[in-house]
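What follows is the content of target-v9.csv, which has CSV, C-alpha atoms:
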chain,number,residue,atom,x,y,z
Z,128,MET,CA,117.2,-152.4,-11.1
Z,129,LYS,CA,113.7,-151.8,-9.8
Z,130,ARG,CA,110.3,-151.5,-11.4
Z,131,CYS,CA,109.7,-147.9,-12.4
Z,132,ALA,CA,106.4,-147.9,-14.3
Z,133,GLY,CA,104.9,-144.5,-13.7
Z,134,LEU,CA,108.3,-142.9,-12.8
Z,135,LEU,CA,108.4,-140.6,-15.8
Z,136,THR,CA,104.9,-139.5,-15.1
Z,137,ALA,CA,105.9,-138.6,-11.5
Z,138,ILE,CA,109.0,-136.8,-12.6
Z,139,VAL,CA,107.2,-134.5,-15.0
Z,140,LEU,CA,103.8,-134.3,-13.2
Z,141,SER,CA,104.5,-130.7,-12.2
Z,142,VAL,CA,104.4,-129.5,-15.8
Z,143,ALA,CA,101.5,-131.8,-16.9
Z,144,CYS,CA,99.0,-130.4,-14.5
Z,145,GLY,CA,96.9,-127.3,-15.2
Z,146,LYS,CA,98.6,-124.1,-14.2
Z,147,VAL,CA,97.4,-120.7,-13.0
Z,148,PHE,CA,98.9,-117.6,-14.6
Z,149,THR,CA,98.9,-114.1,-13.1
Z,150,VAL,CA,97.6,-112.9,-16.5
Z,151,PRO,CA,96.4,-114.9,-19.4
Z,152,LEU,CA,99.0,-116.1,-21.9
Z,153,ASP,CA,99.3,-114.3,-25.3
Z,154,ASP,CA,100.1,-116.2,-28.5
Z,155,GLU,CA,103.9,-115.9,-28.0
Z,156,GLY,CA,103.6,-117.1,-24.4
Z,157,LYS,CA,101.4,-120.1,-25.4
Z,158,ALA,CA,103.8,-121.2,-28.2
Z,159,PHE,CA,106.8,-121.0,-25.9
Z,160,TYR,CA,105.2,-122.7,-22.9
Z,161,ASP,CA,103.7,-125.5,-25.0
Z,162,THR,CA,107.1,-127.2,-25.4
Z,163,ALA,CA,109.6,-125.3,-23.3
Z,164,ARG,CA,107.7,-126.1,-20.1
Z,165,LEU,CA,109.0,-129.6,-20.4
Z,166,ILE,CA,112.6,-128.5,-19.8
Z,167,MET,CA,111.7,-125.7,-17.2
Z,168,THR,CA,112.8,-126.2,-13.7
Z,169,SER,CA,110.0,-126.0,-11.1
Z,170,ALA,CA,111.4,-122.6,-10.1
Z,171,GLU,CA,111.3,-121.3,-13.7
Z,172,ASP,CA,107.8,-122.6,-14.2
Z,173,THR,CA,106.7,-120.7,-11.0
Z,174,ILE,CA,108.5,-117.5,-12.2
Z,175,PHE,CA,106.9,-117.7,-15.7
Z,176,ARG,CA,103.4,-118.1,-14.3
Z,177,ARG,CA,103.6,-115.1,-12.0
Z,178,LEU,CA,105.1,-112.6,-14.6
Z,179,PRO,CA,102.9,-109.5,-14.7
Z,180,ASP,CA,102.5,-108.9,-18.4
Z,181,ALA,CA,103.4,-109.9,-22.0
Z,182,GLY,CA,106.5,-107.7,-22.0
Z,183,ALA,CA,107.9,-109.5,-19.0
Z,184,ARG,CA,107.2,-112.8,-20.6
Z,185,THR,CA,109.1,-111.8,-23.8
Z,186,GLU,CA,112.1,-110.8,-21.7
Z,187,PHE,CA,111.9,-114.1,-19.7
Z,188,ILE,CA,111.8,-116.1,-23.0
Z,189,ASP,CA,114.9,-114.4,-24.3
Z,190,ASP,CA,116.7,-115.0,-21.0
Z,191,PHE,CA,115.5,-118.6,-20.9
Z,192,TRP,CA,117.4,-119.5,-24.1
Z,193,GLU,CA,120.3,-117.2,-23.4
Z,194,LYS,CA,121.1,-118.8,-20.1
Z,195,ARG,CA,121.3,-122.2,-21.8
Z,196,ASP,CA,123.5,-121.1,-24.7
Z,197,PRO,CA,126.8,-123.1,-24.4
Z,198,ASN,CA,128.6,-120.7,-26.9
Z,199,PRO,CA,127.3,-117.2,-26.5
Z,200,GLU,CA,130.0,-115.9,-28.8
Z,201,THR,CA,128.5,-117.7,-31.8
Z,202,PRO,CA,125.4,-116.5,-33.6
Z,203,GLU,CA,123.5,-119.8,-33.1
Z,204,ASN,CA,122.2,-120.9,-29.8
Z,205,GLU,CA,123.2,-124.6,-30.0
Z,206,PHE,CA,121.0,-125.5,-27.0
Z,207,ARG,CA,117.9,-124.1,-28.5
Z,208,ALA,CA,118.6,-125.6,-31.9
Z,209,GLU,CA,119.2,-129.1,-30.4
Z,210,PHE,CA,116.0,-128.8,-28.3
Z,211,GLN,CA,113.9,-128.0,-31.3
Z,212,ARG,CA,115.6,-130.9,-33.3
Z,213,ARG,CA,114.8,-133.3,-30.4
Z,214,VAL,CA,111.2,-132.1,-30.3
Z,215,GLU,CA,110.7,-132.7,-34.0
Z,216,TYR,CA,112.5,-136.1,-33.9
Z,217,ALA,CA,110.4,-137.3,-30.9
Z,218,ASN,CA,107.2,-136.2,-32.4
Z,219,GLY,CA,108.1,-137.9,-35.7
Z,220,HIS,CA,109.4,-141.2,-34.3
Z,221,TYR,CA,107.6,-141.9,-31.0
Z,222,ASN,CA,104.0,-141.0,-31.8
Z,223,GLU,CA,101.8,-143.4,-29.9
Z,224,GLY,CA,98.4,-141.9,-30.6
Z,225,ARG,CA,99.6,-138.7,-28.9
Z,226,ARG,CA,102.5,-136.3,-29.5
Z,227,GLY,CA,105.9,-138.1,-29.3
Z,228,ILE,CA,107.2,-135.7,-26.7
Z,229,ASN,CA,104.4,-136.8,-24.3
Z,230,THR,CA,105.4,-140.5,-24.5
Z,231,ASP,CA,107.9,-142.2,-22.3
Z,232,ARG,CA,110.5,-142.8,-25.1
Z,233,GLY,CA,109.9,-139.3,-26.5
Z,234,ARG,CA,110.4,-137.7,-23.1
Z,235,VAL,CA,113.6,-139.5,-22.4
Z,236,TYR,CA,114.9,-138.7,-25.9
Z,237,LEU,CA,114.0,-135.0,-25.4
Z,238,PHE,CA,116.0,-134.7,-22.2
Z,239,LEU,CA,118.9,-137.1,-22.8
Z,240,GLY,CA,119.1,-137.2,-26.6
Z,241,PRO,CA,119.8,-140.4,-28.6
Z,242,PRO,CA,121.0,-143.3,-26.5
Z,243,GLU,CA,124.7,-144.1,-26.7
Z,244,LYS,CA,123.9,-147.8,-26.9
Z,245,THR,CA,120.7,-149.7,-27.6
Z,246,GLU,CA,119.6,-153.3,-27.3
Z,247,SER,CA,116.2,-155.0,-28.1
Z,248,TYR,CA,114.6,-158.3,-27.1
Z,249,SER,CA,111.4,-160.0,-27.9
Z,250,SER,CA,109.4,-162.9,-26.5
Z,251,PRO,CA,105.9,-164.3,-27.3
Z,252,SER,CA,104.6,-163.6,-23.8
Z,253,GLU,CA,106.1,-160.1,-23.1
Z,254,GLY,CA,106.5,-158.6,-26.6
Z,255,TYR,CA,109.4,-156.3,-27.3
Z,256,THR,CA,111.8,-154.8,-24.7
Z,257,LEU,CA,114.1,-151.9,-25.5
Z,258,LEU,CA,117.2,-151.0,-23.5
Z,259,TRP,CA,118.7,-147.4,-23.9
Z,260,ILE,CA,122.0,-146.8,-22.2
Z,261,TYR,CA,123.4,-143.3,-21.5
Z,262,TYR,CA,127.0,-143.5,-20.3
Z,263,THR,CA,127.2,-139.7,-20.0
Z,264,TYR,CA,124.6,-139.7,-17.3
Z,265,ASP,CA,125.2,-143.2,-15.9
Z,266,VAL,CA,121.7,-144.1,-16.7
Z,267,ALA,CA,120.1,-147.1,-18.4
Z,268,VAL,CA,116.3,-147.3,-19.2
Z,269,ILE,CA,114.3,-150.4,-20.1
Z,270,PHE,CA,111.1,-149.9,-22.0
Z,271,LYS,CA,108.4,-152.6,-22.3
Z,272,GLU,CA,105.9,-152.8,-25.1
Z,273,THR,CA,102.4,-152.0,-23.9
Z,274,LYS,CA,99.4,-154.2,-24.8
Z,275,VAL,CA,97.5,-151.5,-26.6
Z,276,GLY,CA,98.7,-149.5,-29.6
Z,277,GLY,CA,102.2,-150.9,-29.8
Z,278,GLY,CA,103.6,-148.1,-27.5
Z,279,TYR,CA,106.3,-148.4,-24.9
Z,280,GLU,CA,106.5,-147.4,-21.3
Z,281,ILE,CA,109.4,-147.3,-18.8
Z,282,TYR,CA,109.7,-150.5,-16.9
Z,283,ASN,CA,113.1,-150.3,-15.2
Z,284,VAL,CA,115.8,-147.7,-14.6
Z,285,THR,CA,119.4,-148.1,-13.5
Z,286,GLY,CA,120.9,-144.9,-12.2
Z,287,ASN,CA,119.2,-141.6,-11.2
Z,288,LEU,CA,116.9,-140.6,-14.1
Z,289,PHE,CA,115.6,-137.6,-12.1
Z,290,ASP,CA,119.0,-136.1,-11.6
Z,291,ALA,CA,119.9,-136.7,-15.3
Z,292,PHE,CA,116.7,-134.8,-16.3
Z,293,GLU,CA,117.4,-131.9,-13.9
Z,294,ASP,CA,121.0,-131.7,-15.2
Z,295,ALA,CA,119.7,-131.6,-18.8
Z,296,LYS,CA,117.2,-128.9,-18.0
Z,297,LEU,CA,120.0,-126.5,-17.0
Z,298,ASN,CA,123.1,-127.5,-18.9
Z,299,GLY,CA,122.8,-131.0,-20.4
Z,300,PHE,CA,122.2,-130.4,-24.2
Z,301,GLY,CA,125.8,-129.2,-24.5
Z,302,ARG,CA,127.2,-132.2,-22.8
Z,303,VAL,CA,129.5,-134.6,-24.8
Z,304,ALA,CA,129.2,-138.4,-24.3
Z,305,GLY,CA,131.5,-139.5,-21.5
Z,306,GLU,CA,132.3,-135.9,-20.4
Z,307,ALA,CA,132.3,-135.1,-16.7
Z,308,ALA,CA,129.8,-132.7,-15.2
Z,309,PRO,CA,130.8,-129.0,-15.5
Z,310,ARG,CA,133.5,-127.9,-13.1
Z,311,LEU,CA,131.4,-125.0,-11.8
Z,312,GLN,CA,128.2,-126.9,-11.4
Z,313,SER,CA,128.8,-127.9,-7.7
Z,314,PHE,CA,128.7,-124.3,-6.3
Z,315,THR,CA,126.4,-123.3,-3.5
Z,316,ALA,CA,124.8,-120.0,-2.6
Z,317,ALA,CA,123.1,-118.4,0.5
Z,318,TYR,CA,121.5,-115.2,1.5
Z,319,ASP,CA,122.4,-113.2,4.6
Z,320,ARG,CA,119.4,-110.9,5.3
Z,321,GLU,CA,121.2,-109.1,8.1
Z,322,ARG,CA,124.2,-108.2,5.9
Z,323,LYS,CA,122.0,-107.9,2.8
Z,324,GLN,CA,124.3,-110.0,0.6
Z,325,ILE,CA,124.3,-113.1,-1.6
Z,326,THR,CA,127.2,-115.4,-0.9
Z,327,VAL,CA,128.5,-117.8,-3.5
Z,328,GLU,CA,130.9,-120.6,-2.7
Z,329,LEU,CA,132.9,-122.7,-5.2
Z,330,PRO,CA,134.7,-125.9,-4.1
Z,331,ALA,CA,138.5,-125.2,-4.6
Z,332,ARG,CA,139.2,-128.8,-5.7
Z,333,ARG,CA,137.0,-128.3,-8.7
Z,334,ILE,CA,138.7,-125.2,-10.0
Z,335,ASN,CA,141.5,-125.0,-12.5
Z,336,PHE,CA,143.8,-122.3,-11.2
Z,337,ARG,CA,146.8,-120.8,-12.9
Z,338,GLU,CA,149.7,-120.5,-10.6
Z,339,GLU,CA,152.0,-117.5,-10.6
Z,340,SER,CA,154.9,-117.4,-8.1
Z,341,GLY,CA,153.1,-119.4,-5.5
Z,342,VAL,CA,149.8,-117.5,-6.0
Z,343,LEU,CA,146.7,-119.3,-7.4
Z,344,LYS,CA,144.5,-117.2,-9.7
Z,345,ALA,CA,141.2,-117.6,-11.6
Z,346,ASP,CA,138.8,-115.3,-13.3
Z,347,PHE,CA,135.0,-115.6,-13.3
Z,348,GLU,CA,132.0,-113.8,-14.7
Z,349,PHE,CA,128.8,-113.9,-12.6
Z,350,VAL,CA,125.4,-113.2,-14.2
Z,351,ILE,CA,122.7,-113.0,-11.5
Z,352,TYR,CA,119.0,-112.8,-12.1
Z,353,VAL,CA,116.7,-112.0,-9.2
Z,354,TYR,CA,113.0,-112.7,-9.6
Z,355,LYS,CA,111.0,-111.0,-6.9
Z,356,PRO,CA,107.6,-112.0,-5.4
Z,357,ASP,CA,105.8,-109.3,-7.3
Z,358,GLY,CA,107.0,-110.7,-10.7
Z,359,GLN,CA,109.7,-108.0,-11.2
Z,360,LYS,CA,113.2,-108.9,-12.2
Z,361,ASP,CA,116.7,-107.5,-11.6
Z,362,LYS,CA,119.8,-108.6,-13.4
Z,363,PHE,CA,123.4,-107.7,-12.7
Z,364,GLU,CA,126.8,-108.9,-14.1
Z,365,GLU,CA,130.1,-108.8,-12.4
Z,366,ARG,CA,133.6,-109.9,-13.3
Z,367,ARG,CA,135.6,-111.2,-10.3
Z,368,ALA,CA,139.3,-112.1,-10.2
Z,369,PHE,CA,140.4,-114.5,-7.4
Z,370,GLU,CA,143.9,-114.9,-6.1
Z,371,ALA,CA,145.3,-116.4,-2.9
Z,372,ASN,CA,148.4,-118.4,-1.9
Z,373,VAL,CA,148.3,-122.1,-2.2
Z,374,ALA,CA,148.2,-122.8,1.6
Z,375,ASP,CA,145.2,-120.5,2.1
Z,376,VAL,CA,143.3,-122.2,-0.7
Z,377,GLU,CA,144.1,-125.7,0.6
Z,378,SER,CA,143.1,-124.9,4.1
Z,379,SER,CA,139.8,-123.1,3.2
Z,380,LYS,CA,138.5,-125.8,0.8
Z,381,THR,CA,136.3,-123.2,-0.9
Z,382,ILE,CA,136.6,-119.8,-2.5
Z,383,THR,CA,133.9,-117.3,-1.7
Z,384,PHE,CA,132.4,-114.3,-3.4
Z,385,THR,CA,129.8,-111.9,-2.0
Z,386,PHE,CA,127.3,-109.6,-3.8
Z,387,PRO,CA,125.5,-106.8,-1.9
Z,388,TYR,CA,121.8,-107.1,-2.5
Z,389,ASP,CA,118.7,-106.3,-0.5
Z,390,LEU,CA,116.0,-108.9,-1.3
Z,391,PRO,CA,112.4,-107.9,-0.6
Z,392,PRO,CA,110.3,-109.9,1.8
Z,393,GLY,CA,108.7,-113.1,0.5
Z,394,TRP,CA,110.0,-115.8,-1.8
Z,395,ASN,CA,112.7,-114.7,-4.2
Z,396,TYR,CA,114.2,-116.8,-7.0
Z,397,VAL,CA,117.9,-116.1,-7.6
Z,398,ASP,CA,119.3,-117.6,-10.8
Z,399,ILE,CA,123.1,-117.6,-10.8
Z,400,VAL,CA,125.2,-118.3,-13.9
Z,401,ILE,CA,129.0,-118.5,-13.5
Z,402,LEU,CA,131.3,-118.4,-16.5
Z,403,GLY,CA,134.9,-119.6,-15.9
Z,404,GLY,CA,136.3,-119.4,-19.5
Z,405,GLU,CA,138.0,-122.3,-21.2
Z,406,ALA,CA,139.7,-123.4,-17.9
Z,407,ASN,CA,136.5,-123.9,-15.9
Z,408,GLY,CA,133.5,-123.8,-18.2
Z,409,ARG,CA,130.2,-122.7,-16.8
Z,410,GLY,CA,127.8,-123.5,-14.0
Z,411,ARG,CA,124.2,-122.6,-13.3
Z,412,LYS,CA,121.7,-123.1,-10.4
Z,413,ILE,CA,118.5,-121.5,-9.2
Z,414,PHE,CA,118.1,-120.8,-5.5
Z,415,THR,CA,115.0,-119.9,-3.5
Z,416,PHE,CA,115.5,-117.4,-0.7
Z,417,GLY,CA,112.7,-116.3,1.5
Z,418,GLY,CA,112.7,-113.6,4.2
Z,419,LYS,CA,110.3,-111.5,6.3
Written as C-alpha cells, how would this file's structure read?
Amino acid sequence: MKRCAGLLTAIVLSVACGKVFTVPLDDEGKAFYDTARLIMTSAEDTIFRRLPDAGARTEFIDDFWEKRDPNPETPENEFRAEFQRRVEYANGHYNEGRRGINTDRGRVYLFLGPPEKTESYSSPSEGYTLLWIYYTYDVAVIFKETKVGGGYEIYNVTGNLFDAFEDAKLNGFGRVAGEAAPRLQSFTAAYDRERKQITVELPARRINFREESGVLKADFEFVIYVYKPDGQKDKFEERRAFEANVADVESSKTITFTFPYDLPPGWNYVDIVILGGEANGRGRKIFTFGGK
C-alpha cells in the first residue's frame, strides 16, 4: 500500500473545477449537473458543456440515464435509482461540514456502494482508522480521522481506485459482488477516415457463442451515439448477427463489425453501447476520434 492523501481530489478534480458552458444552464440542467457530474466521464462532461441549447441538454439527460440502465425492459431504471439512493445516504451519513458526496468517504460510497467488508481501529496518537474492502473491484481503502471536525480522508489504497471509479461511471452500479467485469467491456473501436467507417472489434475469447454444426454464432445490438464538434448529435441502432466456423474464429482472435459513417472534421465523441443478450451482457465505451 502507498500513501494516497489527496488521491481522491486528483481523481475528481476535473469535475470540481469551474466549467465553461456554450450557453448558460437552465434550472433542469443545473439540477442534473449538480450531482450527475460526479459520475460523468470526462468526455461526457465536455459533451454536456458544449451542447447548443436547453433542448439538446434535455435529450442528453435522457440518454445519460438510458445508457446506464441495466434492465431497459423494466419500467424502473435501476442504475438511476441506486445512484439517487447513494447520494441521499452519503449526504445523510458522511456530512463533515460539507455535503457528504463531497467528502472522501461519501465519494467512495457514491461510486462503489457499501463496502463488502469493514474494519476499524483506534489509537490515542492517531485516532480512528477505517478500512473498506471491495472484493468486486479488488480495491481496499483506508481512511484516517482528521484532526479537525472528526472527518476522514483517504490515507492508503490497495488496488486501482481510478479504474474502479471509471468502471462504475459507465456500468458499475449494476455489478454484483464478486461478479466478473462484463464480457463485452473489453471491446475496441477505431475510425478510418479514408473509408469513412467506424470499426468495432470484440475479443473472441470473451464471447459466449452458440455452436451449430461446427459454426459459431452470436447476436448483438449496437447503439452508437455520435457527438459532433458543433454540439449536434446522431444516433443509430443496428442488430448484427455473427457466424463463422470454429477455425476462423480461433485464428483471428477477434470478431469485427464495421459501420459506415462520415465524421466531420474536428474532435468527435463516439459513444458505443453493445448489447449481447443473456449470453454476453452489455458493454459501453466512449471514443474520441479527430480528423481534418
With a cut-off of 12 Å, could you pull out the residues of region 151-216 of chain Z touching region 342-350 of chain Z and give me the nearest pair of atoms for each, distance in Å to one decimal, using all atoms listed in the file, ordered by chain and ascending number, as a tab-separated table?
residue	atom	partner	partner_atom	distance
Z:Asp190	CA	Z:Val350	CA	11.2
Z:Glu193	CA	Z:Val350	CA	11.3
Z:Lys194	CA	Z:Val350	CA	9.2
Practice problem: Fewer than 3 positions away in the same chain doesn't count, so skip those; otherwise give me all residues within 10 Å of Gly233 (chain Z), counting all atoms listed in the file, as a count of residues only. | Solution: 21
Exercise. Compile the contact shell of Phe416 (chain Z) as a PyMOL selection string: residues with an atom at most 9 Å away, counting only C-alpha atoms, same-chain residues fewer than 3 positions apart removed.
Key: chain Z and resi 317-318+390+393-397
Got time to write the residues from that selection, C-alpha atoms, as an mmCIF file, keeping the file's coordinate frame?
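Final output, saved to selection.cif:
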data_model
loop_
_atom_site.group_PDB
_atom_site.id
_atom_site.type_symbol
_atom_site.label_atom_id
_atom_site.label_comp_id
_atom_site.auth_asym_id
_atom_site.auth_seq_id
_atom_site.Cartn_x
_atom_site.Cartn_y
_atom_site.Cartn_z
ATOM 1 C CA ALA Z 317 123.100 -118.400 0.500
ATOM 2 C CA TYR Z 318 121.500 -115.200 1.500
ATOM 3 C CA LEU Z 390 116.000 -108.900 -1.300
ATOM 4 C CA GLY Z 393 108.700 -113.100 0.500
ATOM 5 C CA TRP Z 394 110.000 -115.800 -1.800
ATOM 6 C CA ASN Z 395 112.700 -114.700 -4.200
ATOM 7 C CA TYR Z 396 114.200 -116.800 -7.000
ATOM 8 C CA VAL Z 397 117.900 -116.100 -7.600
#
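Minimum atom-to-atom distance to Pro356 (chain Z), evaluated using all atoms listed in the file, belongs to Z:Pro392 out of Z:Gln312, Z:Pro392, Z:Phe191, Z:Gly410.
The closest residue to Ala371 (chain Z), picked from Z:Ala331, Z:Ala183, Z:Leu257, Z:Ala295 and counting only C-alpha atoms, is Z:Ala331.
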Quiz prompt | Option closest in space to Ile413 (chain Z), from Z:Phe292, Z:Tyr352, Z:Phe363, Z:Tyr262 [counting all atoms listed in the file] | solution =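 Distance minimum relative to Ile413 (chain Z) lands on Z:Tyr352.
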Practice problem: Considering only C-alpha atoms, state which residue in the set Z:Arg234, Z:Arg184, Z:Arg177, Z:Arg310 is at the smallest distance from Tyr160 (chain Z). | Solution: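 Looking only at the distances to Tyr160 (chain Z), the closest residue turns out to be Z:Arg184.
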Practice problem: Tell me, in Å to one decimal, how far CA of Val150 (chain Z) is from CA of Lys412 (chain Z). | Solution: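 Distance between the two atoms: 26.9 Å.
Using all atoms listed in the file, the smallest distance between any of Z:Arg320, Z:Arg212, Z:Glu272, Z:Asp196 and Tyr388 (chain Z) comes from Z:Arg320.
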